[in-house]
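Colleague: One file is attached below, model_35.cif, containing mmCIF, N, CA and C atoms.
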data_model
loop_
_atom_site.label_atom_id
_atom_site.label_comp_id
_atom_site.auth_asym_id
_atom_site.auth_seq_id
_atom_site.Cartn_x
_atom_site.Cartn_y
_atom_site.Cartn_z
N MET A 1 18.82 284.22 141.14
CA MET A 1 18.19 285.52 141.27
C MET A 1 16.68 285.32 141.30
N SER A 2 16.01 286.10 142.12
CA SER A 2 14.54 286.02 142.17
C SER A 2 13.97 287.40 142.46
N PHE A 3 12.69 287.56 142.15
CA PHE A 3 11.98 288.80 142.43
C PHE A 3 10.83 288.48 143.35
N SER A 4 10.54 289.37 144.29
CA SER A 4 9.42 289.20 145.19
C SER A 4 8.56 290.45 145.14
N PRO A 5 7.27 290.29 144.87
CA PRO A 5 6.39 291.46 144.84
C PRO A 5 6.30 292.13 146.21
N TYR A 6 6.22 293.44 146.22
CA TYR A 6 6.02 294.22 147.44
C TYR A 6 4.82 295.12 147.19
N LEU A 7 3.75 294.88 147.93
CA LEU A 7 2.49 295.61 147.74
C LEU A 7 2.36 296.73 148.76
N PHE A 8 1.75 297.83 148.36
CA PHE A 8 1.49 298.94 149.27
C PHE A 8 -0.01 299.13 149.43
N PHE A 9 -0.44 299.36 150.66
CA PHE A 9 -1.84 299.55 150.98
C PHE A 9 -2.04 300.86 151.73
N VAL A 10 -3.27 301.36 151.70
CA VAL A 10 -3.62 302.58 152.44
C VAL A 10 -4.43 302.15 153.66
N GLY A 11 -3.74 301.64 154.67
CA GLY A 11 -4.39 301.27 155.92
C GLY A 11 -5.05 299.90 155.95
N SER A 12 -4.96 299.13 154.88
CA SER A 12 -5.62 297.82 154.86
C SER A 12 -4.63 296.66 154.71
N CYS A 13 -3.37 296.89 154.99
CA CYS A 13 -2.36 295.85 154.81
C CYS A 13 -2.64 294.63 155.70
N ARG A 14 -2.95 294.85 156.97
CA ARG A 14 -3.21 293.72 157.87
C ARG A 14 -4.37 292.88 157.34
N GLU A 15 -5.46 293.54 156.96
CA GLU A 15 -6.64 292.84 156.45
C GLU A 15 -6.31 292.08 155.16
N ALA A 16 -5.61 292.73 154.25
CA ALA A 16 -5.27 292.10 152.97
C ALA A 16 -4.35 290.90 153.17
N MET A 17 -3.29 291.08 153.91
CA MET A 17 -2.32 289.99 154.07
C MET A 17 -2.91 288.84 154.88
N THR A 18 -3.77 289.15 155.84
CA THR A 18 -4.45 288.09 156.59
C THR A 18 -5.36 287.30 155.65
N ALA A 19 -6.07 287.99 154.77
CA ALA A 19 -6.92 287.30 153.78
C ALA A 19 -6.07 286.44 152.85
N TYR A 20 -4.95 286.97 152.36
CA TYR A 20 -4.07 286.20 151.48
C TYR A 20 -3.55 284.96 152.22
N HIS A 21 -3.23 285.12 153.49
CA HIS A 21 -2.75 284.00 154.31
C HIS A 21 -3.83 282.93 154.42
N GLU A 22 -5.09 283.34 154.62
CA GLU A 22 -6.20 282.39 154.71
C GLU A 22 -6.41 281.68 153.37
N ILE A 23 -6.23 282.39 152.27
CA ILE A 23 -6.45 281.81 150.94
C ILE A 23 -5.31 280.88 150.53
N PHE A 24 -4.08 281.33 150.70
CA PHE A 24 -2.92 280.60 150.18
C PHE A 24 -2.20 279.74 151.21
N GLY A 25 -2.39 280.02 152.50
CA GLY A 25 -1.64 279.32 153.53
C GLY A 25 -0.28 279.96 153.72
N GLY A 26 0.69 279.19 154.15
CA GLY A 26 2.04 279.72 154.35
C GLY A 26 2.23 280.29 155.73
N ASP A 27 3.28 281.08 155.87
CA ASP A 27 3.65 281.69 157.15
C ASP A 27 3.56 283.21 157.00
N LEU A 28 2.76 283.84 157.85
CA LEU A 28 2.57 285.29 157.78
C LEU A 28 3.23 285.96 158.97
N GLN A 29 4.04 286.97 158.67
CA GLN A 29 4.65 287.81 159.71
C GLN A 29 4.23 289.25 159.47
N LEU A 30 3.76 289.90 160.54
CA LEU A 30 3.35 291.30 160.48
C LEU A 30 4.15 292.09 161.51
N VAL A 31 4.69 293.22 161.09
CA VAL A 31 5.45 294.09 161.99
C VAL A 31 4.76 295.45 161.99
N THR A 32 4.34 295.89 163.16
CA THR A 32 3.66 297.18 163.28
C THR A 32 4.66 298.29 163.61
N ALA A 33 4.20 299.52 163.43
CA ALA A 33 5.03 300.68 163.77
C ALA A 33 5.40 300.65 165.25
N ALA A 34 4.49 300.19 166.10
CA ALA A 34 4.74 300.13 167.55
C ALA A 34 5.88 299.17 167.88
N GLU A 35 6.14 298.19 167.02
CA GLU A 35 7.19 297.21 167.27
C GLU A 35 8.57 297.67 166.81
N LEU A 36 8.63 298.77 166.10
CA LEU A 36 9.91 299.26 165.58
C LEU A 36 10.40 300.44 166.41
N PRO A 37 11.60 300.34 166.96
CA PRO A 37 12.11 301.43 167.80
C PRO A 37 12.38 302.72 167.02
N ASP A 38 12.61 302.62 165.72
CA ASP A 38 12.92 303.81 164.92
C ASP A 38 11.75 304.25 164.03
N SER A 39 10.53 303.83 164.39
CA SER A 39 9.35 304.21 163.62
C SER A 39 9.09 305.71 163.79
N PRO A 40 8.70 306.41 162.73
CA PRO A 40 8.40 307.84 162.85
C PRO A 40 7.32 308.09 163.91
N PRO A 41 7.49 309.12 164.73
CA PRO A 41 6.55 309.36 165.84
C PRO A 41 5.13 309.71 165.40
N ASP A 42 4.95 310.18 164.18
CA ASP A 42 3.62 310.57 163.71
C ASP A 42 2.85 309.41 163.05
N VAL A 43 3.42 308.21 163.03
CA VAL A 43 2.78 307.05 162.43
C VAL A 43 2.07 306.27 163.55
N PRO A 44 0.76 306.02 163.40
CA PRO A 44 0.03 305.25 164.42
C PRO A 44 0.67 303.88 164.65
N GLY A 45 0.63 303.42 165.87
CA GLY A 45 1.28 302.17 166.25
C GLY A 45 0.77 300.93 165.57
N ASP A 46 -0.48 300.94 165.09
CA ASP A 46 -1.04 299.74 164.47
C ASP A 46 -0.79 299.66 162.96
N VAL A 47 -0.13 300.67 162.40
CA VAL A 47 0.19 300.65 160.97
C VAL A 47 1.19 299.53 160.70
N ILE A 48 0.93 298.77 159.65
CA ILE A 48 1.85 297.68 159.28
C ILE A 48 3.02 298.27 158.51
N MET A 49 4.20 298.15 159.11
CA MET A 49 5.41 298.67 158.49
C MET A 49 6.05 297.64 157.56
N HIS A 50 5.80 296.35 157.85
CA HIS A 50 6.30 295.29 156.97
C HIS A 50 5.49 294.03 157.22
N ALA A 51 5.10 293.39 156.13
CA ALA A 51 4.42 292.10 156.18
C ALA A 51 5.12 291.17 155.21
N ALA A 52 5.19 289.91 155.59
CA ALA A 52 5.82 288.91 154.72
C ALA A 52 5.01 287.63 154.79
N LEU A 53 4.55 287.18 153.63
CA LEU A 53 3.85 285.90 153.51
C LEU A 53 4.79 284.97 152.75
N THR A 54 5.26 283.95 153.45
CA THR A 54 6.20 283.00 152.87
C THR A 54 5.46 281.72 152.51
N LEU A 55 5.58 281.33 151.25
CA LEU A 55 4.94 280.11 150.73
C LEU A 55 6.03 279.29 150.06
N GLY A 56 6.66 278.41 150.80
CA GLY A 56 7.79 277.66 150.24
C GLY A 56 8.91 278.61 149.88
N ASP A 57 9.30 278.64 148.61
CA ASP A 57 10.36 279.54 148.15
C ASP A 57 9.84 280.89 147.69
N THR A 58 8.53 281.10 147.81
CA THR A 58 7.92 282.34 147.33
C THR A 58 7.66 283.28 148.49
N LEU A 59 7.92 284.56 148.26
CA LEU A 59 7.74 285.57 149.29
C LEU A 59 6.91 286.72 148.72
N LEU A 60 5.81 287.04 149.40
CA LEU A 60 4.99 288.19 149.06
C LEU A 60 5.10 289.16 150.23
N MET A 61 5.56 290.38 149.93
CA MET A 61 5.76 291.37 150.99
C MET A 61 4.83 292.55 150.78
N ALA A 62 4.60 293.29 151.87
CA ALA A 62 3.69 294.43 151.79
C ALA A 62 3.86 295.33 153.00
N SER A 63 3.24 296.51 152.91
CA SER A 63 3.16 297.42 154.06
C SER A 63 2.07 298.44 153.79
N ASP A 64 1.66 299.10 154.87
CA ASP A 64 0.82 300.28 154.71
C ASP A 64 1.73 301.40 154.29
N ASP A 65 1.23 302.30 153.47
CA ASP A 65 2.00 303.45 153.03
C ASP A 65 1.44 304.68 153.74
N PRO A 66 2.08 305.10 154.84
CA PRO A 66 1.55 306.23 155.63
C PRO A 66 1.44 307.53 154.84
N SER A 67 2.16 307.65 153.75
CA SER A 67 2.11 308.89 152.97
C SER A 67 1.04 308.83 151.88
N ALA A 68 0.38 307.67 151.71
CA ALA A 68 -0.62 307.51 150.65
C ALA A 68 -1.96 308.11 151.05
N THR A 69 -2.79 308.31 150.05
CA THR A 69 -4.14 308.82 150.28
C THR A 69 -5.14 307.88 149.65
N GLU A 70 -6.41 308.11 149.91
CA GLU A 70 -7.46 307.28 149.34
C GLU A 70 -7.86 307.73 147.93
N ASP A 71 -7.03 308.57 147.27
CA ASP A 71 -7.36 309.09 145.94
C ASP A 71 -7.45 308.00 144.89
N GLY A 72 -6.98 306.84 145.20
CA GLY A 72 -7.05 305.75 144.25
C GLY A 72 -5.91 304.78 144.47
N PRO A 73 -6.08 303.56 143.99
CA PRO A 73 -5.03 302.57 144.16
C PRO A 73 -3.82 302.90 143.29
N LYS A 74 -2.67 302.44 143.74
CA LYS A 74 -1.50 302.54 142.88
C LYS A 74 -1.74 301.62 141.71
N SER A 75 -1.20 301.93 140.57
CA SER A 75 -1.47 301.10 139.40
C SER A 75 -0.16 300.74 138.71
N GLY A 76 -0.27 299.86 137.75
CA GLY A 76 0.89 299.52 136.96
C GLY A 76 1.49 298.18 137.29
N PHE A 77 0.75 297.32 138.01
CA PHE A 77 1.30 296.01 138.29
C PHE A 77 0.18 294.99 138.45
N SER A 78 0.53 293.74 138.31
CA SER A 78 -0.37 292.62 138.57
C SER A 78 0.44 291.55 139.27
N VAL A 79 -0.23 290.73 140.04
CA VAL A 79 0.42 289.59 140.67
C VAL A 79 -0.26 288.35 140.12
N SER A 80 0.52 287.42 139.62
CA SER A 80 0.00 286.20 139.01
C SER A 80 0.18 285.03 139.97
N TYR A 81 -0.83 284.18 140.01
CA TYR A 81 -0.78 282.97 140.84
C TYR A 81 -0.96 281.76 139.93
N THR A 82 -0.11 280.77 140.07
CA THR A 82 -0.24 279.53 139.31
C THR A 82 -0.81 278.46 140.23
N ALA A 83 -2.02 278.05 139.95
CA ALA A 83 -2.72 277.06 140.77
C ALA A 83 -2.22 275.65 140.48
N LYS A 84 -2.41 274.76 141.46
CA LYS A 84 -1.97 273.37 141.26
C LYS A 84 -2.92 272.60 140.36
N ASP A 85 -4.21 273.02 140.32
CA ASP A 85 -5.18 272.36 139.44
C ASP A 85 -6.38 273.30 139.26
N GLU A 86 -7.35 272.88 138.45
CA GLU A 86 -8.51 273.73 138.15
C GLU A 86 -9.33 274.04 139.40
N ALA A 87 -9.51 273.06 140.26
CA ALA A 87 -10.29 273.28 141.48
C ALA A 87 -9.63 274.35 142.35
N ASP A 88 -8.31 274.29 142.47
CA ASP A 88 -7.58 275.29 143.25
C ASP A 88 -7.68 276.67 142.59
N ALA A 89 -7.62 276.70 141.27
CA ALA A 89 -7.75 277.98 140.55
C ALA A 89 -9.10 278.62 140.85
N HIS A 90 -10.15 277.83 140.81
CA HIS A 90 -11.49 278.36 141.10
C HIS A 90 -11.61 278.80 142.56
N ARG A 91 -11.08 278.02 143.49
CA ARG A 91 -11.13 278.35 144.92
C ARG A 91 -10.45 279.67 145.19
N VAL A 92 -9.23 279.83 144.68
CA VAL A 92 -8.46 281.05 144.90
C VAL A 92 -9.12 282.23 144.21
N PHE A 93 -9.55 282.06 142.98
CA PHE A 93 -10.20 283.15 142.25
C PHE A 93 -11.46 283.61 142.97
N ASP A 94 -12.29 282.66 143.41
CA ASP A 94 -13.52 283.01 144.11
C ASP A 94 -13.21 283.79 145.38
N ALA A 95 -12.20 283.37 146.12
CA ALA A 95 -11.84 284.06 147.36
C ALA A 95 -11.28 285.45 147.10
N LEU A 96 -10.42 285.58 146.09
CA LEU A 96 -9.82 286.89 145.79
C LEU A 96 -10.82 287.86 145.19
N SER A 97 -11.74 287.37 144.38
CA SER A 97 -12.67 288.27 143.70
C SER A 97 -13.85 288.68 144.58
N LYS A 98 -14.06 287.98 145.69
CA LYS A 98 -15.17 288.31 146.59
C LYS A 98 -15.00 289.75 147.11
N GLY A 99 -15.97 290.59 146.81
CA GLY A 99 -15.91 291.99 147.22
C GLY A 99 -15.05 292.85 146.31
N GLY A 100 -14.48 292.25 145.29
CA GLY A 100 -13.64 292.99 144.35
C GLY A 100 -14.32 293.11 143.00
N ALA A 101 -13.53 293.11 141.95
CA ALA A 101 -14.07 293.24 140.59
C ALA A 101 -13.48 292.17 139.69
N VAL A 102 -14.35 291.45 139.00
CA VAL A 102 -13.91 290.41 138.06
C VAL A 102 -13.64 291.07 136.71
N THR A 103 -12.42 290.95 136.23
CA THR A 103 -12.06 291.46 134.92
C THR A 103 -12.33 290.41 133.85
N LEU A 104 -12.00 289.17 134.18
CA LEU A 104 -12.19 288.05 133.26
C LEU A 104 -12.54 286.83 134.10
N PRO A 105 -13.77 286.31 133.99
CA PRO A 105 -14.14 285.12 134.77
C PRO A 105 -13.23 283.93 134.42
N VAL A 106 -13.07 283.03 135.37
CA VAL A 106 -12.24 281.85 135.14
C VAL A 106 -12.87 281.01 134.03
N SER A 107 -12.06 280.71 133.03
CA SER A 107 -12.50 279.87 131.92
C SER A 107 -11.28 279.27 131.24
N ALA A 108 -11.52 278.32 130.35
CA ALA A 108 -10.44 277.71 129.59
C ALA A 108 -9.94 278.68 128.52
N THR A 109 -8.63 278.71 128.35
CA THR A 109 -8.00 279.51 127.29
C THR A 109 -7.06 278.60 126.51
N SER A 110 -6.43 279.14 125.50
CA SER A 110 -5.48 278.33 124.73
C SER A 110 -4.23 278.00 125.54
N TRP A 111 -3.96 278.73 126.62
CA TRP A 111 -2.76 278.49 127.41
C TRP A 111 -3.05 277.89 128.78
N SER A 112 -4.33 277.80 129.17
CA SER A 112 -4.64 277.29 130.50
C SER A 112 -6.07 276.73 130.54
N PRO A 113 -6.28 275.66 131.30
CA PRO A 113 -7.63 275.13 131.44
C PRO A 113 -8.50 275.99 132.36
N ALA A 114 -7.86 276.88 133.15
CA ALA A 114 -8.61 277.72 134.08
C ALA A 114 -7.84 279.01 134.31
N PHE A 115 -8.19 280.05 133.55
CA PHE A 115 -7.52 281.33 133.65
C PHE A 115 -8.56 282.40 133.95
N GLY A 116 -8.25 283.30 134.87
CA GLY A 116 -9.14 284.40 135.18
C GLY A 116 -8.36 285.60 135.69
N MET A 117 -9.02 286.75 135.70
CA MET A 117 -8.38 287.97 136.20
C MET A 117 -9.37 288.73 137.06
N CYS A 118 -8.87 289.27 138.17
CA CYS A 118 -9.72 290.07 139.04
C CYS A 118 -8.87 291.09 139.79
N THR A 119 -9.56 292.06 140.35
CA THR A 119 -8.95 293.02 141.27
C THR A 119 -9.60 292.75 142.62
N ASP A 120 -8.79 292.40 143.62
CA ASP A 120 -9.40 292.08 144.91
C ASP A 120 -9.86 293.36 145.62
N ARG A 121 -10.52 293.20 146.73
CA ARG A 121 -11.13 294.33 147.43
C ARG A 121 -10.11 295.23 148.12
N PHE A 122 -8.87 294.82 148.17
CA PHE A 122 -7.86 295.60 148.84
C PHE A 122 -7.17 296.57 147.90
#
Produce structure tokens that represent the structure in this file.
Modeller:
Amino acid sequence: MSFSPYLFFVGSCREAMTAYHEIFGGDLQLVTAAELPDSPPDVPGDVIMHAALTLGDTLLMASDDPSATEDGPKSGFSVSYTAKDEADAHRVFDALSKGGAVTLPVSATSWSPAFGMCTDRF
């Protein structure tokens, strides 16, 4: 059994998932509303209906939420990344936090030599 995070964006799914692909690597697939024969007619064709970033056995999925508004991000979840080493932790953290907000800068903790928290710009 496994769980895969599914993220929702307000029009920035392509940009976010492309950035994640550049940061983490893997295989990125994007499906737009225009590519789906049963897409609702009122949804613009460039809206991402499904995105999948595959990294080995890990899958991160996402889509734009056509019913969402810019009133604020959805809340109540975090996505954790386990880096292969400290240099990778700093590289990924720097890339994700660029244009976002740093909650906790990367530093040594009792459970990790390089732990940090941020909210990315998406």
Colleague: Rounded to one decimal, what separation in Å do you get between atom C of Pro5 (chain A) and CA of Leu59 (chain A)?
Modeller: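 Computing it gives 7.4 Å between the two atoms.
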Colleague: Would you compute an axis-aligned box for region 79-82 of chain A, covering every atom listed for it in the file with 6 Å of margin on each side, and report centre and edge lengths in Å to one decimal as AutoDock Vina command-line options?
Modeller:
--center_x -0.2 --center_y 284.6 --center_z 139.9 --size_x 13.5 --size_y 24.3 --size_z 13.8
Colleague: Excluding Asp94 (chain A) and its own-chain neighbours fewer than 3 positions away, which residues fall within 12 Å of it when counting only C-alpha atoms? Please give them as a list in words.
Modeller: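 So the residues in contact are Ile23, Ala87, Asp88, Ala89, His90, Arg91, Ser97, Lys98, Gly99, Gly100, Ala101, Val102, Pro105, Val106, Gly116, Met117, Cys118, Thr119 and Asp120 of chain A.
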Colleague: Using the chain letters and residue numbers of this document, give as a CSV table (one decimal) with N, CA and C atoms, keeping the file's coordinate frame the residues selected by the PyMOL selection byres (((chain A and resi 48 and name CA) around 9) and name CA).
Modeller:
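Listing of selection.csv after writing:
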chain,number,residue,atom,x,y,z
A,11,GLY,N,-3.7,301.6,154.7
A,11,GLY,CA,-4.4,301.3,155.9
A,11,GLY,C,-5.0,299.9,156.0
A,12,SER,N,-5.0,299.1,154.9
A,12,SER,CA,-5.6,297.8,154.9
A,12,SER,C,-4.6,296.7,154.7
A,13,CYS,N,-3.4,296.9,155.0
A,13,CYS,CA,-2.4,295.8,154.8
A,13,CYS,C,-2.6,294.6,155.7
A,14,ARG,N,-3.0,294.8,157.0
A,14,ARG,CA,-3.2,293.7,157.9
A,14,ARG,C,-4.4,292.9,157.3
A,30,LEU,N,3.8,289.9,160.5
A,30,LEU,CA,3.4,291.3,160.5
A,30,LEU,C,4.2,292.1,161.5
A,31,VAL,N,4.7,293.2,161.1
A,31,VAL,CA,5.4,294.1,162.0
A,31,VAL,C,4.8,295.4,162.0
A,32,THR,N,4.3,295.9,163.2
A,32,THR,CA,3.7,297.2,163.3
A,32,THR,C,4.7,298.3,163.6
A,33,ALA,N,4.2,299.5,163.4
A,33,ALA,CA,5.0,300.7,163.8
A,33,ALA,C,5.4,300.6,165.2
A,45,GLY,N,0.6,303.4,165.9
A,45,GLY,CA,1.3,302.2,166.2
A,45,GLY,C,0.8,300.9,165.6
A,46,ASP,N,-0.5,300.9,165.1
A,46,ASP,CA,-1.0,299.7,164.5
A,46,ASP,C,-0.8,299.7,163.0
A,47,VAL,N,-0.1,300.7,162.4
A,47,VAL,CA,0.2,300.6,161.0
A,47,VAL,C,1.2,299.5,160.7
A,49,MET,N,4.2,298.2,159.1
A,49,MET,CA,5.4,298.7,158.5
A,49,MET,C,6.0,297.6,157.6
A,50,HIS,N,5.8,296.4,157.8
A,50,HIS,CA,6.3,295.3,157.0
A,50,HIS,C,5.5,294.0,157.2
A,51,ALA,N,5.1,293.4,156.1
A,51,ALA,CA,4.4,292.1,156.2
A,51,ALA,C,5.1,291.2,155.2
A,62,ALA,N,4.6,293.3,151.9
A,62,ALA,CA,3.7,294.4,151.8
A,62,ALA,C,3.9,295.3,153.0
A,63,SER,N,3.2,296.5,152.9
A,63,SER,CA,3.2,297.4,154.1
A,63,SER,C,2.1,298.4,153.8
A,64,ASP,N,1.7,299.1,154.9
A,64,ASP,CA,0.8,300.3,154.7
A,64,ASP,C,1.7,301.4,154.3
A,65,ASP,N,1.2,302.3,153.5
A,65,ASP,CA,2.0,303.4,153.0
A,65,ASP,C,1.4,304.7,153.7
Colleague: How many Å lie between CA of Leu60 (chain A) and atom C of Phe93 (chain A), rounded to one decimal?
Modeller: 18.1 Å
Colleague: Might you pull out every residue within 9 Å of Phe24 (chain A), with only C-alpha atoms counted and same-chain residues fewer than 4 positions away left off, and present them as a list of chain:residue names?
Modeller: A:Ala19, A:Tyr20, A:Leu55, A:Val92
Colleague: Could you please determine the separation between CA of Val10 (chain A) and atom C of Phe115 (chain A) in Å, to one decimal place?
Modeller: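 Going from CA of Val10 (chain A) over to atom C of Phe115 (chain A) covers 27.8 Å.
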Colleague: Would you please extract all helix (DSSP H, G or I) residues from chain A, as assigned by DSSP on the backbone, and give them as number ranges by chain?
Modeller: A: 13-24, 33-35, 86-97
Colleague: Identify, with DSSP run on backbone atoms, the residues in chain A assigned to strand (DSSP E), and express the list as a ChimeraX atom specification.
Modeller: /A:6-9,27-32,48-55,58-64,101-107,115-119
Colleague: Written as a list in words, which residues does the PyMOL selection byres ((chain A and resi 56) around 8) give for the file shown?
Modeller: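 Selection result, ordered by chain and number: Gly25, Gly26, Asp27, Leu53, Thr54, Leu55, Asp57, Thr58 and Leu59 of chain A.
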Colleague: Which is closest to Ser80 (chain A) among A:Ser107, A:Ser4, A:Asp42, A:Phe122, if we use only C-alpha atoms?
Modeller: A:Ser4
